[in-house]
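Here is the structure we will look at.
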Amino acid sequence: CTLSNPAQDLKYLFPEMTSYREDLQELPKLKNGGELFKGLGARMGAELDAIYETFETPYTVYRVFKGQKKIGVVHGVNVPGQGGVIQVFLSVDPESAAIRRFFFQRLESPAARALKDKAFLKTFEGLTLADFYKHDYYAVAEPGSANDKVGRIAAPPKLEASGRPDYLASLRGVRKNLVLLDIFVYGRRFEPFFERARQAAAKAAAPKE
């Protein structure tokens with residue numbers, strides 16, 4: 001998924017930007033790319049889509065600079081929606097990988113107005129992939145925990161029942177985006193959180209003695 005007008009779009013996101021670089025990322029070209037792809041669904045918490053989430057799907061990472069300093073990373077993904085593809089973009093901190101901004105480039109949905117609500121989009125700011133993995137852990141080990149940041153995300157107040165599938169698709173897009181960024185940019189730094197959540201789920205599912 002690429003920005004329609006990267007120079008203009010990135011300048012809007014980062015007014016102080018002096019340059020940017022586009023990096024094409026492809027799982028087949030990565031070391032252990034096949035294994036990474038096999039584990040992608042588990043890390044996304046959902047089965048992969050046969051159209052938008054194939055092994056050969058290319059991804060474009062935008063690295064934004066002010067002089068020689070990297071000030072941001074932007075990445076987008078496609079997820080299937082009711083009215084067609086939904087394009088979910090994230091701007092993240094280059095050091096912490098925390099979400100700075102969540103926005104849609106394309107969203108043809110009966111829920112478009114509700115999903116583009118600024119207050120709703122703002123609730124994702126500051127979240128990292130660790131928070132999504134922790135949510136998996138809390139859902140099994142401590143349901144309703146006050147520490148579950150993702151669990152506290154509420155649907156937009158004006159979201160109607162007909163728009164809920166696209167709301168869930170959008171959440172999927174955010175998580176998918178962060179998972180891929182963890183692979184392409186951040187050296188899988190959040191993998192320990194995934195392993196902890198996986199172990200908690202296995203323990204909870206084990207027969208009681």
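Residues in the structure tokens are named by chain (A, B, ... in the order shown) and by number from 1 within that chain; ligands are numbered from 1 in the order shown.
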
With only C-alpha atoms counted and 9 Å as the cut-off, give the residues of segment 20-102 of chain A in contact with segment 176-183 of chain A, each with its shortest interatomic distance in Å and the pair that gives it, as CSV.
```
residue,atom,partner,partner_atom,distance
A:Leu36,CA,A:Ile183,CA,8.3
A:Leu40,CA,A:Val179,CA,7.8
A:Arg43,CA,A:Val179,CA,6.9
A:Met44,CA,A:Lys176,CA,5.7
A:Tyr59,CA,A:Leu180,CA,8.8
A:Val61,CA,A:Leu181,CA,8.2
A:His75,CA,A:Asn177,CA,7.0
A:Gly76,CA,A:Asn177,CA,6.6
A:Val77,CA,A:Asn177,CA,6.1
A:Val79,CA,A:Lys176,CA,8.9
A:Val88,CA,A:Asn177,CA,7.8
A:Phe89,CA,A:Asn177,CA,7.6
A:Leu90,CA,A:Asn177,CA,7.3
A:Ala97,CA,A:Asp182,CA,8.1
A:Ile99,CA,A:Leu178,CA,8.7
```

Out of segment 66-163 of chain A, which residues get alpha helix (DSSP H) from DSSP, as a list in words? Ala112, Arg113, Ala114, Leu115, Lys118, Ala119, Phe120, Leu121, Lys122, Leu129, Ala130, Asp131, Phe132, Tyr133, Lys134, His135, Asp136, Tyr137, Tyr138, Ala139, Val140 and Ala141 of chain A

I need the strand (DSSP E) residues of segment 7-197 of chain A per DSSP on the backbone, written as a PyMOL selection string. chain A and resi 19-26+58-66+69-81+84-92+99-106

Measure the distance from atom CA of Glu108 of chain A to atom CA of Glu53 of chain A in Å and round it to one decimal.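 Calculated distance between atom CA of Glu108 of chain A and atom CA of Glu53 of chain A is 19.6 Å.
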
Excluding same-chain residues fewer than 3 positions from Ser19 of chain A, what lies within 12 Å of it counting only C-alpha atoms, as a ChimeraX atom specification? /A:6-8,10-11,14-16,22,62-72

Just want the 12 Å neighbourhood of segment 54-57 of chain A, counted on only C-alpha atoms, with same-chain residues fewer than 6 positions away dropped. Output as a PyMOL selection string. chain A and resi 1+24-30+33-41+47-48+77-79+180

Go ahead and save the residues from that selection, with N, CA, C and O atoms, as a PDB file, in the first residue's frame.
```pdb
ATOM      1  N   CYS A   1       0.856  -1.181   0.000  1.00  0.00           N
ATOM      2  CA  CYS A   1       0.000   0.000   0.000  1.00  0.00           C
ATOM      3  C   CYS A   1       0.895   1.236   0.000  1.00  0.00           C
ATOM      4  O   CYS A   1       1.774   1.381   0.861  1.00  0.00           O
ATOM      5  N   LEU A  24      11.116  -0.407  -0.355  1.00  0.00           N
ATOM      6  CA  LEU A  24      10.241  -1.515  -0.730  1.00  0.00           C
ATOM      7  C   LEU A  24      10.645  -2.741   0.059  1.00  0.00           C
ATOM      8  O   LEU A  24      11.808  -3.150   0.067  1.00  0.00           O
ATOM      9  N   GLN A  25       9.682  -3.328   0.767  1.00  0.00           N
ATOM     10  CA  GLN A  25       9.934  -4.497   1.598  1.00  0.00           C
ATOM     11  C   GLN A  25       9.120  -5.675   1.068  1.00  0.00           C
ATOM     12  O   GLN A  25       7.939  -5.538   0.773  1.00  0.00           O
ATOM     13  N   GLU A  26       9.772  -6.835   0.972  1.00  0.00           N
ATOM     14  CA  GLU A  26       9.108  -8.043   0.503  1.00  0.00           C
ATOM     15  C   GLU A  26       9.570  -9.217   1.352  1.00  0.00           C
ATOM     16  O   GLU A  26      10.781  -9.443   1.500  1.00  0.00           O
ATOM     17  N   LEU A  27       8.639  -9.962   1.893  1.00  0.00           N
ATOM     18  CA  LEU A  27       8.994 -11.097   2.739  1.00  0.00           C
ATOM     19  C   LEU A  27       9.874 -12.131   2.030  1.00  0.00           C
ATOM     20  O   LEU A  27      10.800 -12.689   2.645  1.00  0.00           O
ATOM     21  N   PRO A  28       9.635 -12.441   0.733  1.00  0.00           N
ATOM     22  CA  PRO A  28      10.490 -13.428   0.066  1.00  0.00           C
ATOM     23  C   PRO A  28      11.969 -13.033   0.031  1.00  0.00           C
ATOM     24  O   PRO A  28      12.840 -13.899  -0.131  1.00  0.00           O
ATOM     25  N   LYS A  29      12.269 -11.750   0.162  1.00  0.00           N
ATOM     26  CA  LYS A  29      13.652 -11.282   0.098  1.00  0.00           C
ATOM     27  C   LYS A  29      14.314 -11.187   1.474  1.00  0.00           C
ATOM     28  O   LYS A  29      15.492 -10.854   1.569  1.00  0.00           O
ATOM     29  N   LEU A  30      13.559 -11.467   2.528  1.00  0.00           N
ATOM     30  CA  LEU A  30      14.106 -11.413   3.876  1.00  0.00           C
ATOM     31  C   LEU A  30      14.649 -12.772   4.292  1.00  0.00           C
ATOM     32  O   LEU A  30      14.142 -13.812   3.886  1.00  0.00           O
ATOM     33  N   GLY A  33      12.206 -15.400   5.504  1.00  0.00           N
ATOM     34  CA  GLY A  33      10.948 -14.781   5.111  1.00  0.00           C
ATOM     35  C   GLY A  33       9.780 -15.744   5.115  1.00  0.00           C
ATOM     36  O   GLY A  33       8.663 -15.384   5.490  1.00  0.00           O
ATOM     37  N   GLY A  34      10.031 -16.991   4.703  1.00  0.00           N
ATOM     38  CA  GLY A  34       8.968 -17.987   4.698  1.00  0.00           C
ATOM     39  C   GLY A  34       8.451 -18.273   6.094  1.00  0.00           C
ATOM     40  O   GLY A  34       7.241 -18.388   6.306  1.00  0.00           O
ATOM     41  N   GLU A  35       9.352 -18.392   7.050  1.00  0.00           N
ATOM     42  CA  GLU A  35       8.958 -18.641   8.434  1.00  0.00           C
ATOM     43  C   GLU A  35       8.220 -17.439   9.010  1.00  0.00           C
ATOM     44  O   GLU A  35       7.246 -17.597   9.770  1.00  0.00           O
ATOM     45  N   LEU A  36       8.687 -16.242   8.668  1.00  0.00           N
ATOM     46  CA  LEU A  36       8.007 -15.034   9.145  1.00  0.00           C
ATOM     47  C   LEU A  36       6.575 -14.985   8.616  1.00  0.00           C
ATOM     48  O   LEU A  36       5.649 -14.613   9.340  1.00  0.00           O
ATOM     49  N   PHE A  37       6.409 -15.369   7.354  1.00  0.00           N
ATOM     50  CA  PHE A  37       5.065 -15.360   6.771  1.00  0.00           C
ATOM     51  C   PHE A  37       4.160 -16.374   7.455  1.00  0.00           C
ATOM     52  O   PHE A  37       2.990 -16.100   7.719  1.00  0.00           O
ATOM     53  N   LYS A  38       4.701 -17.554   7.764  1.00  0.00           N
ATOM     54  CA  LYS A  38       3.905 -18.582   8.427  1.00  0.00           C
ATOM     55  C   LYS A  38       3.397 -18.110   9.782  1.00  0.00           C
ATOM     56  O   LYS A  38       2.318 -18.504  10.224  1.00  0.00           O
ATOM     57  N   GLY A  39       4.170 -17.275  10.445  1.00  0.00           N
ATOM     58  CA  GLY A  39       3.773 -16.791  11.765  1.00  0.00           C
ATOM     59  C   GLY A  39       2.978 -15.505  11.751  1.00  0.00           C
ATOM     60  O   GLY A  39       2.561 -15.014  12.809  1.00  0.00           O
ATOM     61  N   LEU A  40       2.753 -14.954  10.547  1.00  0.00           N
ATOM     62  CA  LEU A  40       2.091 -13.654  10.452  1.00  0.00           C
ATOM     63  C   LEU A  40       0.655 -13.698  10.971  1.00  0.00           C
ATOM     64  O   LEU A  40       0.211 -12.804  11.691  1.00  0.00           O
ATOM     65  N   GLY A  41      -0.083 -14.728  10.613  1.00  0.00           N
ATOM     66  CA  GLY A  41      -1.476 -14.825  11.033  1.00  0.00           C
ATOM     67  C   GLY A  41      -1.615 -14.874  12.538  1.00  0.00           C
ATOM     68  O   GLY A  41      -2.495 -14.225  13.115  1.00  0.00           O
ATOM     69  N   GLU A  47      -6.786 -15.156  10.530  1.00  0.00           N
ATOM     70  CA  GLU A  47      -6.323 -15.825   9.323  1.00  0.00           C
ATOM     71  C   GLU A  47      -5.968 -14.782   8.263  1.00  0.00           C
ATOM     72  O   GLU A  47      -6.562 -13.704   8.204  1.00  0.00           O
ATOM     73  N   LEU A  48      -5.008 -15.118   7.426  1.00  0.00           N
ATOM     74  CA  LEU A  48      -4.577 -14.191   6.388  1.00  0.00           C
ATOM     75  C   LEU A  48      -5.580 -14.148   5.240  1.00  0.00           C
ATOM     76  O   LEU A  48      -6.226 -15.138   4.921  1.00  0.00           O
ATOM     77  N   VAL A  77      -1.276  -0.361   4.985  1.00  0.00           N
ATOM     78  CA  VAL A  77      -1.664  -1.726   4.608  1.00  0.00           C
ATOM     79  C   VAL A  77      -3.078  -1.717   4.042  1.00  0.00           C
ATOM     80  O   VAL A  77      -3.879  -0.814   4.315  1.00  0.00           O
ATOM     81  N   ASN A  78      -3.370  -2.745   3.264  1.00  0.00           N
ATOM     82  CA  ASN A  78      -4.718  -2.972   2.743  1.00  0.00           C
ATOM     83  C   ASN A  78      -5.404  -4.057   3.563  1.00  0.00           C
ATOM     84  O   ASN A  78      -4.785  -5.091   3.864  1.00  0.00           O
ATOM     85  N   VAL A  79      -6.661  -3.830   3.897  1.00  0.00           N
ATOM     86  CA  VAL A  79      -7.487  -4.867   4.513  1.00  0.00           C
ATOM     87  C   VAL A  79      -8.846  -4.856   3.819  1.00  0.00           C
ATOM     88  O   VAL A  79      -9.313  -3.804   3.376  1.00  0.00           O
ATOM     89  N   LEU A 180       3.927  -5.772  10.796  1.00  0.00           N
ATOM     90  CA  LEU A 180       4.845  -5.671   9.665  1.00  0.00           C
ATOM     91  C   LEU A 180       5.972  -4.683   9.942  1.00  0.00           C
ATOM     92  O   LEU A 180       7.128  -4.931   9.572  1.00  0.00           O
TER      93      LEU A 180
END
```

Find the residues near segment 199-205 of chain A: any atom within 8 Å, counting only C-alpha atoms, skip ones fewer than 6 places away on the same chain, and give them as a PDB file with C-alpha atoms, in the first residue's frame.
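Contents of the output file part_27.pdb:
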```pdb
ATOM      1  CA  TYR A 137      -2.422 -11.892  27.333  1.00  0.00           C
ATOM      2  CA  VAL A 140      -6.815 -14.828  28.713  1.00  0.00           C
ATOM      3  CA  ALA A 141      -5.093 -14.210  32.043  1.00  0.00           C
TER       4      ALA A 141
END
```

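Across A:Arg106, A:Arg189, A:Arg175, A:Arg21, the tightest approach to Ala42 of chain A is made by A:Arg175 when counting only C-alpha atoms.
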
Between atom CA of Arg188 of chain A and atom CA of Val150 of chain A, what distance in Å does the model show, to one decimal?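 Interatomic distance, atom CA of Arg188 of chain A to atom CA of Val150 of chain A: 19.8 Å.
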